Amino acid sequence: MNAEVKWIEGLSFLGQSQSGHSIVMDGNGGEKAPSPMEMVLMAAGGCSSVDVVDGLKSANQEVTACVAKLSSERRETAPKLFIYINIHFEVTGNNLDSTIVEKVTADSLQKYCSVCLMLGEGVKMTHSWEIVSA
């Protein structure tokens, strides 16, 4: 996998993925676009959500929505690394089995999500979940 990041102006940068997609990042704390650290947090939410939805569908669960709400803590001093991230999954569907929801959310962070597993080497990663009424 390859990517390229080009400086635009000020502290704005354009990231271009190997698959041909582009995104603006802002080093001014998210003034004009997401900051690089916000992108990392969103990547963890996106990657783990793929696992959760795919896991639920594979278990023949009728999932209709999945929202991953991420909260984090970072070090006070530079480098301001993440020290804690929680992903709270709000899962909606028809007759969802709570045992299966619990398993797929845990498996995402512990077995499948590349981003979370990579971050988990230096960050305390936790998860929580709830089934939301349709």
# chains A, B, ... in the order shown; residues from 1 in each chain; ligands from 1
$ select_by_dssp --residues "chain A" --states "helix (DSSP H, G or I)" --output "PyMOL selection string"
chain A and resi 36-58+98-112+114-119
$ residues_around --residues "Leu70 (chain A)" --least-positions-apart "3" --cutoff "7 Å" --atoms "only C-alpha atoms" --output "short mmCIF file (atom, residue, chain, number, x, y, z; two decimals) with all heavy atoms, in the first residue's frame"
data_model
loop_
_atom_site.label_atom_id
_atom_site.label_comp_id
_atom_site.auth_asym_id
_atom_site.auth_seq_id
_atom_site.Cartn_x
_atom_site.Cartn_y
_atom_site.Cartn_z
N GLY A 45 -12.40 3.84 13.84
CA GLY A 45 -13.86 3.65 13.82
C GLY A 45 -14.34 3.01 12.54
O GLY A 45 -15.21 2.14 12.56
N ILE A 85 -8.38 4.99 23.88
CA ILE A 85 -9.45 5.13 22.88
C ILE A 85 -10.55 4.13 23.25
O ILE A 85 -10.27 2.96 23.51
CB ILE A 85 -8.96 4.83 21.45
CG1 ILE A 85 -7.91 5.85 21.00
CG2 ILE A 85 -10.15 4.81 20.46
CD1 ILE A 85 -7.25 5.52 19.66
N ASN A 86 -11.78 4.61 23.27
CA ASN A 86 -12.94 3.72 23.42
C ASN A 86 -13.80 3.87 22.17
O ASN A 86 -14.03 4.97 21.68
CB ASN A 86 -13.79 4.05 24.65
CG ASN A 86 -14.97 3.11 24.77
OD1 ASN A 86 -14.84 1.94 25.10
ND2 ASN A 86 -16.15 3.62 24.48
N ILE A 87 -14.26 2.74 21.67
CA ILE A 87 -15.20 2.74 20.55
C ILE A 87 -16.52 2.20 21.10
O ILE A 87 -16.57 1.06 21.56
CB ILE A 87 -14.71 1.88 19.38
CG1 ILE A 87 -13.31 2.31 18.94
CG2 ILE A 87 -15.71 1.97 18.22
CD1 ILE A 87 -12.72 1.45 17.84
N HIS A 88 -17.55 3.03 21.04
CA HIS A 88 -18.88 2.61 21.48
C HIS A 88 -19.72 2.39 20.23
O HIS A 88 -19.94 3.31 19.45
CB HIS A 88 -19.53 3.68 22.37
CG HIS A 88 -20.90 3.28 22.83
ND1 HIS A 88 -21.10 2.35 23.81
CD2 HIS A 88 -22.12 3.68 22.40
CE1 HIS A 88 -22.41 2.19 23.99
NE2 HIS A 88 -23.04 2.98 23.14
#
$ residues_around --residues "region 20-25 of chain A" --least-positions-apart "6" --cutoff "12 Å" --atoms "only C-alpha atoms" --output "list in words"
Met1, Asn2, Ala3, Glu4, Val5, Lys6, Trp7, Ile8, Glu9, Gly10, Leu11, Ser12, Phe13, Leu14, Glu31, Lys32, Ala33, Pro34, Ser35, Pro36, Met37, Glu38, Met39 and Val40 of chain A
$ write_last_selection --atoms "C-alpha atoms" --output "PDB file, in the first residue's frame"
ATOM      1  CA  MET A   1       0.000   0.000   0.000  1.00  0.00           C
ATOM      2  CA  ASN A   2       1.279   3.459  -0.896  1.00  0.00           C
ATOM      3  CA  ALA A   3       0.092   7.010  -0.354  1.00  0.00           C
ATOM      4  CA  GLU A   4       1.273  10.541  -0.979  1.00  0.00           C
ATOM      5  CA  VAL A   5       0.779  13.716   1.030  1.00  0.00           C
ATOM      6  CA  LYS A   6       1.328  17.108  -0.633  1.00  0.00           C
ATOM      7  CA  TRP A   7       1.634  20.413   1.156  1.00  0.00           C
ATOM      8  CA  ILE A   8      -1.040  22.855  -0.060  1.00  0.00           C
ATOM      9  CA  GLU A   9      -0.464  26.004   2.007  1.00  0.00           C
ATOM     10  CA  GLY A  10      -0.100  27.027   5.633  1.00  0.00           C
ATOM     11  CA  LEU A  11      -0.521  23.742   7.493  1.00  0.00           C
ATOM     12  CA  SER A  12      -2.985  22.209   5.008  1.00  0.00           C
ATOM     13  CA  PHE A  13      -2.040  19.003   3.206  1.00  0.00           C
ATOM     14  CA  LEU A  14      -3.646  16.833   0.533  1.00  0.00           C
ATOM     15  CA  GLU A  31      -9.417  24.476  11.475  1.00  0.00           C
ATOM     16  CA  LYS A  32     -10.118  23.780   7.774  1.00  0.00           C
ATOM     17  CA  ALA A  33     -10.243  19.974   7.616  1.00  0.00           C
ATOM     18  CA  PRO A  34      -9.731  16.978   9.906  1.00  0.00           C
ATOM     19  CA  SER A  35      -6.365  16.894  11.634  1.00  0.00           C
ATOM     20  CA  PRO A  36      -4.093  13.898  11.024  1.00  0.00           C
ATOM     21  CA  MET A  37      -4.879  12.586  14.553  1.00  0.00           C
ATOM     22  CA  GLU A  38      -8.618  12.932  13.876  1.00  0.00           C
ATOM     23  CA  MET A  39      -8.029  10.883  10.729  1.00  0.00           C
ATOM     24  CA  VAL A  40      -6.364   8.149  12.804  1.00  0.00           C
TER      25      VAL A  40
END
$ closest_residue --among "A:Val53, A:Leu109, A:Val115, A:Val104" --to "Val67 (chain A)" --atoms "only C-alpha atoms"
A:Val53
$ select_by_dssp --residues "chain A" --states "strand (DSSP E)" --output "PyMOL selection string"
chain A and resi 3-9+12-17+22-26+62-74+82-94+124-132
$ decode --residues "region 20-53 of chain A" --atoms "N, CA and C atoms" --output "CSV table (one decimal), in the first residue's frame"
chain,number,residue,atom,x,y,z
A,20,GLY,N,-6.7,6.1,-5.4
A,20,GLY,CA,-7.1,7.3,-6.2
A,20,GLY,C,-8.0,8.3,-5.5
A,21,HIS,N,-8.1,8.1,-4.2
A,21,HIS,CA,-9.0,9.0,-3.4
A,21,HIS,C,-8.1,10.1,-2.7
A,22,SER,N,-8.7,11.2,-2.5
A,22,SER,CA,-8.0,12.3,-1.9
A,22,SER,C,-8.7,12.9,-0.7
A,23,ILE,N,-8.0,13.4,0.3
A,23,ILE,CA,-8.5,14.0,1.5
A,23,ILE,C,-7.6,15.1,2.0
A,24,VAL,N,-8.2,16.2,2.4
A,24,VAL,CA,-7.5,17.3,2.9
A,24,VAL,C,-7.3,17.1,4.4
A,25,MET,N,-6.1,17.4,4.9
A,25,MET,CA,-5.8,17.3,6.4
A,25,MET,C,-5.3,18.7,6.8
A,26,ASP,N,-5.6,19.0,8.1
A,26,ASP,CA,-5.2,20.3,8.6
A,26,ASP,C,-4.4,20.2,9.9
A,27,GLY,N,-3.2,20.7,9.8
A,27,GLY,CA,-2.3,20.7,11.0
A,27,GLY,C,-2.6,21.8,12.0
A,28,ASN,N,-3.6,22.6,11.8
A,28,ASN,CA,-4.0,23.7,12.7
A,28,ASN,C,-5.1,23.2,13.6
A,29,GLY,N,-5.0,22.0,14.1
A,29,GLY,CA,-6.0,21.5,15.0
A,29,GLY,C,-7.4,21.3,14.4
A,30,GLY,N,-7.5,21.1,13.1
A,30,GLY,CA,-8.8,20.9,12.4
A,30,GLY,C,-9.5,22.1,12.1
A,31,GLU,N,-8.8,23.2,11.8
A,31,GLU,CA,-9.4,24.5,11.5
A,31,GLU,C,-10.2,24.4,10.1
A,32,LYS,N,-9.5,23.8,9.1
A,32,LYS,CA,-10.1,23.8,7.8
A,32,LYS,C,-10.5,22.4,7.3
A,33,ALA,N,-10.0,21.4,8.0
A,33,ALA,CA,-10.2,20.0,7.6
A,33,ALA,C,-9.9,19.1,8.8
A,34,PRO,N,-10.1,17.8,8.8
A,34,PRO,CA,-9.7,17.0,9.9
A,34,PRO,C,-8.2,17.0,10.1
A,35,SER,N,-7.8,17.0,11.4
A,35,SER,CA,-6.4,16.9,11.6
A,35,SER,C,-5.9,15.5,11.4
A,36,PRO,N,-4.6,15.3,11.2
A,36,PRO,CA,-4.1,13.9,11.0
A,36,PRO,C,-4.5,13.0,12.2
A,37,MET,N,-4.5,13.4,13.4
A,37,MET,CA,-4.9,12.6,14.6
A,37,MET,C,-6.4,12.3,14.5
A,38,GLU,N,-7.2,13.2,14.1
A,38,GLU,CA,-8.6,12.9,13.9
A,38,GLU,C,-8.8,11.9,12.8
A,39,MET,N,-8.0,11.9,11.8
A,39,MET,CA,-8.0,10.9,10.7
A,39,MET,C,-7.7,9.5,11.3
A,40,VAL,N,-6.7,9.4,12.2
A,40,VAL,CA,-6.4,8.1,12.8
A,40,VAL,C,-7.6,7.6,13.6
A,41,LEU,N,-8.2,8.5,14.4
A,41,LEU,CA,-9.3,8.1,15.2
A,41,LEU,C,-10.5,7.6,14.3
A,42,MET,N,-10.8,8.4,13.2
A,42,MET,CA,-11.8,8.0,12.3
A,42,MET,C,-11.5,6.6,11.6
A,43,ALA,N,-10.2,6.4,11.3
A,43,ALA,CA,-9.7,5.2,10.7
A,43,ALA,C,-10.0,4.0,11.6
A,44,ALA,N,-9.8,4.2,12.9
A,44,ALA,CA,-10.1,3.1,13.8
A,44,ALA,C,-11.6,2.8,13.8
A,45,GLY,N,-12.4,3.8,13.8
A,45,GLY,CA,-13.9,3.7,13.8
A,45,GLY,C,-14.3,3.0,12.5
A,46,GLY,N,-13.8,3.4,11.4
A,46,GLY,CA,-14.2,2.9,10.1
A,46,GLY,C,-13.8,1.4,10.0
A,47,CYS,N,-12.6,1.1,10.3
A,47,CYS,CA,-12.0,-0.3,10.2
A,47,CYS,C,-12.8,-1.2,11.1
A,48,SER,N,-13.1,-0.8,12.4
A,48,SER,CA,-13.8,-1.7,13.3
A,48,SER,C,-15.2,-1.8,12.9
A,49,SER,N,-15.8,-0.8,12.4
A,49,SER,CA,-17.2,-0.9,11.9
A,49,SER,C,-17.4,-1.9,10.8
A,50,VAL,N,-16.4,-1.9,9.9
A,50,VAL,CA,-16.5,-2.9,8.8
A,50,VAL,C,-16.6,-4.3,9.4
A,51,ASP,N,-15.7,-4.6,10.4
A,51,ASP,CA,-15.7,-5.9,11.1
A,51,ASP,C,-17.0,-6.2,11.8
A,52,VAL,N,-17.6,-5.2,12.4
A,52,VAL,CA,-18.8,-5.4,13.2
A,52,VAL,C,-20.0,-5.7,12.2
A,53,VAL,N,-20.2,-4.9,11.2
A,53,VAL,CA,-21.3,-5.1,10.3
A,53,VAL,C,-21.1,-6.4,9.5
